[in-house]
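Contents: one structure, followed by commentary.
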Amino acid sequence: MAPLPDSVRVAVRGWLNCNQVVLRSAAGHVLVDSGYAACADETLARLREPGMLGADSLARLVNTHCHSDHIGGNAAVARAYGCPITIPRDEVPTIDDWSIQERWNAYVDQYAEPFAYQATIAAGESFRAADRVWEAHAAPGHDMEGLMFFAPEGGILISGDALWADGLGFVWAHDPPNPFVEAALQALDTIERLRPRVVIPGHGEPFEDVGGALAKARSRLAAFANDPRRTARHMMKVMFVFSMLHRGGIAIAEANRYVESVPCYRDLDERFLGEGIDGLGLRLVADLERAGAMRVADGFARPTMAR
């Protein structure tokens, strides 16, 4: 793991759960992002480890964005620690009207437990944690309302899903020009301008090769920019694996019926692929098995990555 000050501690999770970042200070510890709802008990157990919070209290929970793998544990953390929650200001409509979250989660077969927030943060604002100031910067693309947090003292960036060591969170398929790709490129430009020493991504280990990560992310976005079919296929695979991580996998005989029951797959096919929904579940499993993302044995397909 890339070197970080002792006041900045990271629980590296898998792909169903985002990383949890604990910013420690005598003035009060702050947690960034809370993981997926189905794994809330594990998240709380990780937070109680001596290398994270131990037996200490939590003063605040701050979210980079409001996707289910970043806010799913908010309610459980608030119950356990009695701490206030801060969300990105532009995410307020989707939290105030929880039916928006419910519709989206039903659309992609995900889940998040409702929670109450007490404060918001916007790009250009900041908060203090781990004895340093963290600036909020816009991180659109994967989530158009998302933020990332940068500490100039130490050059530490908490990037959410705007940048990982090997890419970034998926962007939505769209006919060219793709506004989600353009927004994601703007977020990468911001990161390059900030020149962080180390990046704590939403998924994966913290890393120092920021230039290399930016190059990979830009290359991936370039491949998607003018190819909505490729982007749609990528989205389908990402969302399928995510749901299978939650479910523990799927019987091969059920794969097609499952895909037919989740609206996003039909919509993506009708808008961008035109191949038909029939057999799509088996095609996704086959593609993911070839890519090493799923393993098929005894008539059951399971993701190969950690949750």
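Within each chain, counting starts at residue 1; across the structure tokens, chains are named A, B, ... in the order shown, with ligands numbered 1 upward in that order.
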Under the rule of at most 9 Å, produce a per-residue listing of segment 36-102 of chain A near segment 160-164 of chain A: chain, number, name, the closest pair of atoms, and the distance in Å, as CSV, using only C-alpha atoms.
```
residue,atom,partner,partner_atom,distance
A:Asn63,CA,A:Gly160,CA,8.9
A:Thr64,CA,A:Gly160,CA,5.8
A:His65,CA,A:Gly160,CA,7.5
A:His70,CA,A:Gly160,CA,8.7
```
Dump C-alpha atoms for the selected residues as a PDB file, in the first residue's frame?
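Okay, selection-v1.pdb is ready:
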```pdb
ATOM      1  CA  ASN A  63     -19.710  10.626   1.117  1.00  0.00           C
ATOM      2  CA  THR A  64     -17.911  11.146  -2.174  1.00  0.00           C
ATOM      3  CA  HIS A  65     -21.098  10.286  -4.086  1.00  0.00           C
ATOM      4  CA  HIS A  70     -20.663   4.166  -1.199  1.00  0.00           C
TER       5      HIS A  70
END
```
Would you mind listing, for every residue of segment 200-221 of chain A within 12 Å of segment 14-36 of chain A, the two atoms forming the shortest contact and the distance between them in Å to one decimal, using only C-alpha atoms, sorted by chain and ascending residue number, as a tab-separated table?
```
residue	atom	partner	partner_atom	distance
A:Ile200	CA	A:Val21	CA	8.2
A:Pro201	CA	A:Asn19	CA	7.4
A:Gly202	CA	A:Cys18	CA	5.2
A:His203	CA	A:Cys18	CA	5.4
A:Gly204	CA	A:Gly14	CA	7.2
A:Glu205	CA	A:Asn19	CA	8.7
A:Pro206	CA	A:Asn19	CA	9.8
```
Which of segment 140-226 of chain A DSSP labels strand (DSSP E), written as a JSON list (two decimals) with C-alpha atoms, in the first residue's frame:
```json
[["chain", "number", "residue", "atom", "x", "y", "z"],
["A", 147, "LEU", "CA", -16.91, 14.83, -5.41],
["A", 148, "MET", "CA", -13.33, 13.99, -4.55],
["A", 149, "PHE", "CA", -11.40, 15.32, -1.56],
["A", 150, "PHE", "CA", -7.84, 16.66, -1.75],
["A", 151, "ALA", "CA", -5.47, 17.52, 1.10],
["A", 156, "ILE", "CA", -3.44, 13.11, -0.65],
["A", 157, "LEU", "CA", -6.45, 12.64, -2.93],
["A", 158, "ILE", "CA", -9.55, 10.61, -2.00],
["A", 159, "SER", "CA", -10.79, 10.07, -5.55],
["A", 160, "GLY", "CA", -13.98, 8.05, -5.14],
["A", 198, "VAL", "CA", -0.89, 9.56, -3.49],
["A", 199, "VAL", "CA", -4.43, 8.61, -4.49],
["A", 200, "ILE", "CA", -6.86, 6.68, -2.27],
["A", 201, "PRO", "CA", -9.36, 5.27, -4.81]]
```
Pick from A:Gly281, A:Gly274, A:Gly124, A:Gly299, whichever lies nearest to Ala251 of chain A using only C-alpha atoms | A:Gly299
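In this comparison, which uses only C-alpha atoms, the residue of A:Pro179, A:Pro88, A:Gly167, A:Pro196 approaching Pro152 of chain A most closely is A:Pro196.
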Counting only C-alpha atoms, which of A:Asp96, A:Glu208, A:Asp267, A:Glu254 gets nearest to Met235 of chain A?
-> A:Asp267
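By only C-alpha atoms, and with residues fewer than 4 positions from Ile250 of chain A along its chain excluded, the set lying at most 10 Å from it is Ser243, Met244, Leu245, Glu254, Ala255, Tyr258, Val285, Val296, Gly299, Phe300, Ala301, Arg302 and Pro303 of chain A.
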Taking only C-alpha atoms into account, produce a table as JSON lines in which each residue of segment 96-132 of chain A with an atom at most 9 Å from an atom of segment 6-9 of chain A appears once, together with its shortest atom pair and the distance in Å to one decimal, ordered by chain and rising number.
```
{"residue": "A:Ala129", "atom": "CA", "partner": "A:Ser7", "partner_atom": "CA", "distance": 8.9}
{"residue": "A:Ala130", "atom": "CA", "partner": "A:Ser7", "partner_atom": "CA", "distance": 5.3}
{"residue": "A:Asp131", "atom": "CA", "partner": "A:Ser7", "partner_atom": "CA", "distance": 8.0}
```
Neighbours of Gly72 of chain A within 9 Å (only C-alpha atoms; same-chain residues fewer than 4 positions away dropped), as a compact mmCIF listing (two decimals) with N, CA and C atoms, in the first residue's frame?
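Now in around.txt:
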```
# COMPACT_ATOMS: atom_id res chain seq x y z
N ASN A 17 -18.09 -3.51 -2.31
CA ASN A 17 -17.95 -2.44 -1.32
C ASN A 17 -16.83 -1.49 -1.73
N ASP A 33 -17.13 7.43 3.14
CA ASP A 33 -17.84 6.36 2.44
C ASP A 33 -18.01 5.11 3.31
N SER A 34 -19.12 4.38 3.04
CA SER A 34 -19.55 3.36 4.00
C SER A 34 -19.83 1.98 3.42
N GLY A 35 -19.61 1.76 2.12
CA GLY A 35 -19.79 0.42 1.58
C GLY A 35 -21.23 0.08 1.22
N TYR A 36 -21.46 -1.20 0.92
CA TYR A 36 -22.75 -1.68 0.44
C TYR A 36 -23.60 -2.15 1.62
N ALA A 37 -24.92 -1.99 1.51
CA ALA A 37 -25.82 -2.27 2.62
C ALA A 37 -25.75 -3.72 3.08
N ALA A 38 -25.64 -4.66 2.15
CA ALA A 38 -25.64 -6.07 2.51
C ALA A 38 -24.41 -6.46 3.33
N CYS A 39 -23.38 -5.63 3.30
CA CYS A 39 -22.14 -5.92 4.01
C CYS A 39 -21.92 -4.97 5.19
N ALA A 40 -22.99 -4.36 5.68
CA ALA A 40 -22.85 -3.36 6.74
C ALA A 40 -22.22 -3.94 8.00
N CYS A 66 -23.27 9.25 -4.19
CA CYS A 66 -24.40 8.51 -3.60
C CYS A 66 -24.79 7.27 -4.39
N HIS A 67 -23.81 6.52 -4.87
CA HIS A 67 -24.09 5.20 -5.42
C HIS A 67 -24.17 4.19 -4.29
N SER A 68 -24.85 3.08 -4.54
CA SER A 68 -25.18 2.14 -3.46
C SER A 68 -23.97 1.57 -2.76
N ALA A 76 -26.41 2.16 8.86
CA ALA A 76 -25.83 1.30 9.89
C ALA A 76 -24.73 2.02 10.67
N TYR A 111 -29.30 -2.29 -3.99
CA TYR A 111 -30.06 -1.92 -2.80
C TYR A 111 -29.24 -0.96 -1.95
N ALA A 112 -29.93 0.02 -1.35
CA ALA A 112 -29.32 0.89 -0.35
C ALA A 112 -30.36 1.19 0.72
N GLU A 113 -29.95 1.19 1.98
CA GLU A 113 -30.88 1.47 3.07
C GLU A 113 -31.07 2.98 3.21
N PRO A 114 -32.30 3.46 3.33
CA PRO A 114 -32.52 4.90 3.51
C PRO A 114 -31.78 5.43 4.74
N PHE A 115 -31.37 6.68 4.65
CA PHE A 115 -30.66 7.32 5.76
C PHE A 115 -30.99 8.81 5.76
```
Contact residues around Ala123 of chain A with only C-alpha atoms at 6 Å, ignoring same-chain residues under 4 positions, as an MDAnalysis selection string | chainID A and resid 136:138
Writing out the chosen residues with C-alpha atoms as a PDB file, in the first residue's frame:
```pdb
ATOM      1  CA  ALA A 136     -13.878  19.279  -2.281  1.00  0.00           C
ATOM      2  CA  HIS A 137     -13.484  19.124  -6.067  1.00  0.00           C
ATOM      3  CA  ALA A 138     -16.062  18.146  -8.669  1.00  0.00           C
TER       4      ALA A 138
END
```
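Of the listed residues A:Ala215, A:Asn178, A:Gly248, A:Val108, the one whose atoms come nearest to Tyr265 of chain A is A:Val108, with distances taken using only C-alpha atoms.
Counting only C-alpha atoms, Asp109 of chain A has the following residues at most 10 Å away, ignoring those fewer than 2 positions along the same chain: Glu102, Arg103, Trp104, Asn105, Ala106, Tyr107, Tyr111, Met239, Phe240, Phe242, Ser243, Met244, His246, Tyr258, Val259, Ser261, Val262, Pro263 and Cys264 of chain A.
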Ile87 of chain A surroundings by only C-alpha atoms, 7 Å radius, close-in-sequence under 5 positions cut, as a VMD selection string | chain A and resid 62 to 63 117 119 to 121
